[in-house]
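Enquirer: Shown below is the structure under consideration.
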Amino acid sequence: MTYNKILITGASGSLGKQLVCELIRRDIKPIAQVRENSDTGYLDSVGLEKRICDLNAGASFTSLVEGVDAVIHTAAWVNFRQDRPTQFASINTIAAVNLFKAAAEAGVRKFVHVSTVAAVGACKRRGNSQATALSENDLIDENYEFNLDHLRIPYILSKHAAEMELKKAAGECDTELVIVNPSVIVAPSRTGDDAGKAKKKLGRWMLPDLPNRVNLVDLRDVAPGVIAALEKGRPGERYILAGDNISVRDLLLDISSILGRLPHLLRIPRPFLNTAARASVFFSKLTGRGKVSVYPDLIRLLDYDWAYSSMKAREELGYTNRSIQKTLEDLLTNNMTGSYQKP
């Protein structure tokens, strides 16, 4: 590792803490950006320097990046609600760009931006059937043309916009920008009792039977991938950090097999889901509730498969990932050895 002072934003989050854990294994103590009200118990236990800063569009980041030679930016608002688009843009886009510019002015050598595969795009489904296997050519890679801009999903749009604006800013300075795009990260819950939580969910009267493919990746694999991007990532490049591609149906069956619980899967007609989403928005407006968590554009995500390739990261960064079955076994037996909870 050639960087002496590494700043991790969002250090109190799951990925932030795992990055801290991984760096400490390498005898490196990073600097942790946290908010005033962040839970810093783990960070304090390993004796990290903390810099308090609320990442928003109007914040000043001069003191945050002072003396830093590398930044790993994980902080973001991760939520698929429809309302508060301005807040998504403020945190996920504007603050990310302003932080990069402040880092460039401070002479930071490298800036790793943690984005999401949703900012790359998704593969339009051709029907309701599920193919038995996917070849490498069927998977989305880093060169895929973003195709979700018609969906009014603030999280996805704000993360994609951040990538576009960061690339522009990087073209005007010497600070190297590398973007990593993890898929859905599987991480232990704060309580550590993921088996108990999963059993409660499987005990519900029904779960959706969906043929869509999704990609899940172990937290313990993402963190080394991000660090590898810091060490080896080429300036201006993005790297997908993905795990196994699996259908939602097979995922639920794998979980039920580990827990010994039979799930009640139900194929819900799409017209019903569309109607329910429109009704949810209508009643949210009628009752004055601000939070809109189910809405038509979110249901339209079912028109896509979320299957990705990490070939580029494997070849250039040495990235590897464990199987989703191994991750689920560890998670659902409350045995995530190697995570920040059980280092």
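Residues are referred to by chain and number: the chain letter is A, B, ... according to the order shown in the structure tokens, the number counts from 1 in that chain, and ligands are numbered separately from 1 in the order shown.
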Find the spatial neighbours of Gln325 in chain A, counting only C-alpha atoms, within a cut-off of 12 Å - ignore same-chain residues fewer than 5 positions away - and output them as a ChimeraX atom specification.
Expert: /A:186,216-218,243-246,250-258,330-332
Enquirer: Pick out the residues sitting within 9 Å of Tyr144 in chain A, and hand them over as a list in words; count only C-alpha atoms, and ignore anything fewer than 2 positions along from it in its own chain.
Expert: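 Contacts, in chain order: Val120, Gly121, Ala122, Ile140, Asp141, Glu142, Phe146 and Asn147 of chain A.
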Enquirer: Calculated over only C-alpha atoms, which of the candidates A:Arg249, A:Lys200, A:Arg261, A:Lys5 has the smallest distance to Val68 in chain A?
Expert: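 For Val68 in chain A, the nearest of the given residues is A:Lys5.
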Enquirer: CA of Ala59 in chain A to CA of Ala96 in chain A: how many Å, to one decimal?
Expert: 10.9 Å
Enquirer: Taking the DSSP assignment computed from this structure's backbone, write out as a PyMOL selection string all residues of range 99-337 of chain A that belong to strand (DSSP E).
Expert: chain A and resi 110-114+123-124+176-182+184-186+207-208+213-218+238-241+244-247+265-266+304-305
Enquirer: Smallest atom-to-atom distance to Leu157 in chain A: which of A:Asn143, A:Leu230, A:Cys123, A:Thr93, using only C-alpha atoms?
Expert: A:Thr93
Enquirer: Have a look at A:Gly58, A:Pro211, A:Gly236, A:Pro182 and name the one nearest to Ser115 in chain A; count only C-alpha atoms.
Expert: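 When distances to Ser115 in chain A are compared using only C-alpha atoms, the smallest one comes from A:Pro182.
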Enquirer: Enumerate the residues of range 9-118 of chain A with a DSSP assignment of helix (DSSP H, G or I), computed from the backbone, and present them as a PyMOL selection string.
Expert: chain A and resi 14-25+41-45+85-105+117-118
Enquirer: Take the selection from the previous step and output its residues with N, CA and C atoms, as a compact mmCIF listing (two decimals), in the first residue's frame.
Expert:
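Output file again.txt follows:
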# COMPACT_ATOMS: atom_id res chain seq x y z
N SER A 14 -21.89 -0.41 7.19
CA SER A 14 -21.39 -1.79 7.10
C SER A 14 -20.14 -1.88 6.23
N LEU A 15 -20.20 -1.31 5.02
CA LEU A 15 -19.04 -1.37 4.14
C LEU A 15 -17.88 -0.57 4.72
N GLY A 16 -18.18 0.59 5.29
CA GLY A 16 -17.12 1.40 5.89
C GLY A 16 -16.39 0.65 6.98
N LYS A 17 -17.14 -0.01 7.85
CA LYS A 17 -16.51 -0.76 8.94
C LYS A 17 -15.72 -1.96 8.41
N GLN A 18 -16.23 -2.59 7.35
CA GLN A 18 -15.49 -3.72 6.78
C GLN A 18 -14.21 -3.26 6.14
N LEU A 19 -14.23 -2.10 5.50
CA LEU A 19 -12.99 -1.53 4.93
C LEU A 19 -11.98 -1.24 6.04
N VAL A 20 -12.47 -0.69 7.14
CA VAL A 20 -11.59 -0.44 8.28
C VAL A 20 -10.96 -1.74 8.75
N CYS A 21 -11.80 -2.77 8.87
CA CYS A 21 -11.34 -4.09 9.32
C CYS A 21 -10.26 -4.64 8.38
N GLU A 22 -10.50 -4.53 7.08
CA GLU A 22 -9.54 -5.03 6.09
C GLU A 22 -8.22 -4.26 6.14
N LEU A 23 -8.30 -2.95 6.28
CA LEU A 23 -7.07 -2.15 6.31
C LEU A 23 -6.28 -2.40 7.58
N ILE A 24 -6.96 -2.59 8.69
CA ILE A 24 -6.26 -2.87 9.94
C ILE A 24 -5.52 -4.20 9.85
N ARG A 25 -6.11 -5.16 9.13
CA ARG A 25 -5.41 -6.43 8.92
C ARG A 25 -4.09 -6.21 8.18
N GLY A 41 -18.99 2.95 17.90
CA GLY A 41 -18.47 1.96 18.84
C GLY A 41 -17.33 1.13 18.26
N TYR A 42 -17.53 0.60 17.06
CA TYR A 42 -16.48 -0.24 16.45
C TYR A 42 -15.25 0.60 16.12
N LEU A 43 -15.45 1.78 15.56
CA LEU A 43 -14.33 2.64 15.19
C LEU A 43 -13.51 3.02 16.41
N ASP A 44 -14.20 3.30 17.51
CA ASP A 44 -13.49 3.65 18.75
C ASP A 44 -12.72 2.45 19.30
N SER A 45 -13.28 1.25 19.11
CA SER A 45 -12.64 0.05 19.65
C SER A 45 -11.30 -0.25 18.98
N PRO A 85 -36.47 13.68 -3.84
CA PRO A 85 -35.42 13.59 -4.87
C PRO A 85 -34.30 14.60 -4.66
N THR A 86 -34.64 15.77 -4.09
CA THR A 86 -33.62 16.79 -3.84
C THR A 86 -32.61 16.30 -2.82
N GLN A 87 -33.07 15.59 -1.80
CA GLN A 87 -32.16 15.08 -0.79
C GLN A 87 -31.24 14.00 -1.37
N PHE A 88 -31.76 13.14 -2.23
CA PHE A 88 -30.93 12.14 -2.89
C PHE A 88 -29.83 12.83 -3.68
N ALA A 89 -30.20 13.83 -4.47
CA ALA A 89 -29.22 14.53 -5.30
C ALA A 89 -28.19 15.25 -4.43
N SER A 90 -28.64 15.83 -3.32
CA SER A 90 -27.74 16.58 -2.44
C SER A 90 -26.64 15.68 -1.88
N ILE A 91 -27.05 14.51 -1.40
CA ILE A 91 -26.09 13.61 -0.74
C ILE A 91 -25.33 12.76 -1.74
N ASN A 92 -26.05 12.13 -2.66
CA ASN A 92 -25.44 11.14 -3.55
C ASN A 92 -24.68 11.74 -4.73
N THR A 93 -25.10 12.92 -5.17
CA THR A 93 -24.47 13.51 -6.35
C THR A 93 -23.64 14.74 -6.01
N ILE A 94 -24.30 15.79 -5.53
CA ILE A 94 -23.61 17.07 -5.33
C ILE A 94 -22.50 16.95 -4.29
N ALA A 95 -22.80 16.30 -3.16
CA ALA A 95 -21.79 16.16 -2.11
C ALA A 95 -20.60 15.33 -2.60
N ALA A 96 -20.86 14.29 -3.39
CA ALA A 96 -19.78 13.46 -3.91
C ALA A 96 -18.85 14.28 -4.80
N VAL A 97 -19.44 15.11 -5.66
CA VAL A 97 -18.63 15.93 -6.57
C VAL A 97 -17.87 17.00 -5.80
N ASN A 98 -18.53 17.64 -4.84
CA ASN A 98 -17.85 18.67 -4.04
C ASN A 98 -16.72 18.08 -3.21
N LEU A 99 -16.93 16.87 -2.70
CA LEU A 99 -15.87 16.21 -1.94
C LEU A 99 -14.68 15.91 -2.85
N PHE A 100 -14.95 15.45 -4.06
CA PHE A 100 -13.86 15.17 -5.00
C PHE A 100 -13.08 16.45 -5.32
N LYS A 101 -13.80 17.54 -5.55
CA LYS A 101 -13.12 18.80 -5.88
C LYS A 101 -12.28 19.29 -4.70
N ALA A 102 -12.81 19.14 -3.49
CA ALA A 102 -12.04 19.53 -2.30
C ALA A 102 -10.79 18.65 -2.18
N ALA A 103 -10.95 17.36 -2.47
CA ALA A 103 -9.81 16.45 -2.41
C ALA A 103 -8.76 16.84 -3.44
N ALA A 104 -9.20 17.20 -4.63
CA ALA A 104 -8.26 17.60 -5.69
C ALA A 104 -7.48 18.85 -5.28
N GLU A 105 -8.20 19.81 -4.69
CA GLU A 105 -7.55 21.05 -4.25
C GLU A 105 -6.55 20.78 -3.14
N VAL A 117 -24.21 -1.14 -9.01
CA VAL A 117 -24.45 -1.69 -10.34
C VAL A 117 -25.70 -1.08 -10.98
N ALA A 118 -26.61 -0.55 -10.16
CA ALA A 118 -27.80 0.10 -10.71
C ALA A 118 -27.43 1.30 -11.55
Enquirer: Using only C-alpha atoms, which protein or nucleic acid residues come within 9 Å of Pro188 in chain A? Drop anything in the same chain fewer than 5 positions from it, and give the result as a list in words.
Expert: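 Close residues of Pro188 in chain A: Ser14, Asp193, Asp194, Leu219, Leu331, Asn334, Met336, Ser339 and Gln341 of chain A.
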Enquirer: Can I get the selected residues back with N, CA and C atoms, as an mmCIF file, in the first residue's frame?
Expert:
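The resulting file, result-v3.cif, is reproduced below:
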data_model
loop_
_atom_site.group_PDB
_atom_site.id
_atom_site.type_symbol
_atom_site.label_atom_id
_atom_site.label_comp_id
_atom_site.auth_asym_id
_atom_site.auth_seq_id
_atom_site.Cartn_x
_atom_site.Cartn_y
_atom_site.Cartn_z
ATOM 1 N N SER A 14 -21.894 -0.410 7.190
ATOM 2 C CA SER A 14 -21.392 -1.787 7.098
ATOM 3 C C SER A 14 -20.144 -1.878 6.226
ATOM 4 N N ASP A 193 -28.191 -11.432 14.661
ATOM 5 C CA ASP A 193 -29.087 -12.591 14.614
ATOM 6 C C ASP A 193 -29.829 -12.627 13.282
ATOM 7 N N ASP A 194 -29.108 -12.897 12.223
ATOM 8 C CA ASP A 194 -29.728 -12.932 10.900
ATOM 9 C C ASP A 194 -30.568 -14.183 10.704
ATOM 10 N N LEU A 219 -20.156 -9.010 1.680
ATOM 11 C CA LEU A 219 -19.452 -7.838 2.205
ATOM 12 C C LEU A 219 -17.965 -8.107 2.339
ATOM 13 N N LEU A 331 -24.130 -16.419 6.901
ATOM 14 C CA LEU A 331 -25.040 -15.399 7.405
ATOM 15 C C LEU A 331 -26.142 -16.015 8.258
ATOM 16 N N ASN A 334 -25.324 -17.244 11.639
ATOM 17 C CA ASN A 334 -24.732 -16.174 12.448
ATOM 18 C C ASN A 334 -23.224 -16.383 12.622
ATOM 19 N N MET A 336 -20.512 -15.032 10.389
ATOM 20 C CA MET A 336 -19.814 -14.264 9.349
ATOM 21 C C MET A 336 -18.371 -13.994 9.770
ATOM 22 N N SER A 339 -15.782 -10.903 9.009
ATOM 23 C CA SER A 339 -16.440 -9.601 8.935
ATOM 24 C C SER A 339 -15.980 -8.749 10.108
ATOM 25 N N GLN A 341 -17.661 -7.812 12.460
ATOM 26 C CA GLN A 341 -18.267 -8.301 13.705
ATOM 27 C C GLN A 341 -17.494 -9.459 14.294
#
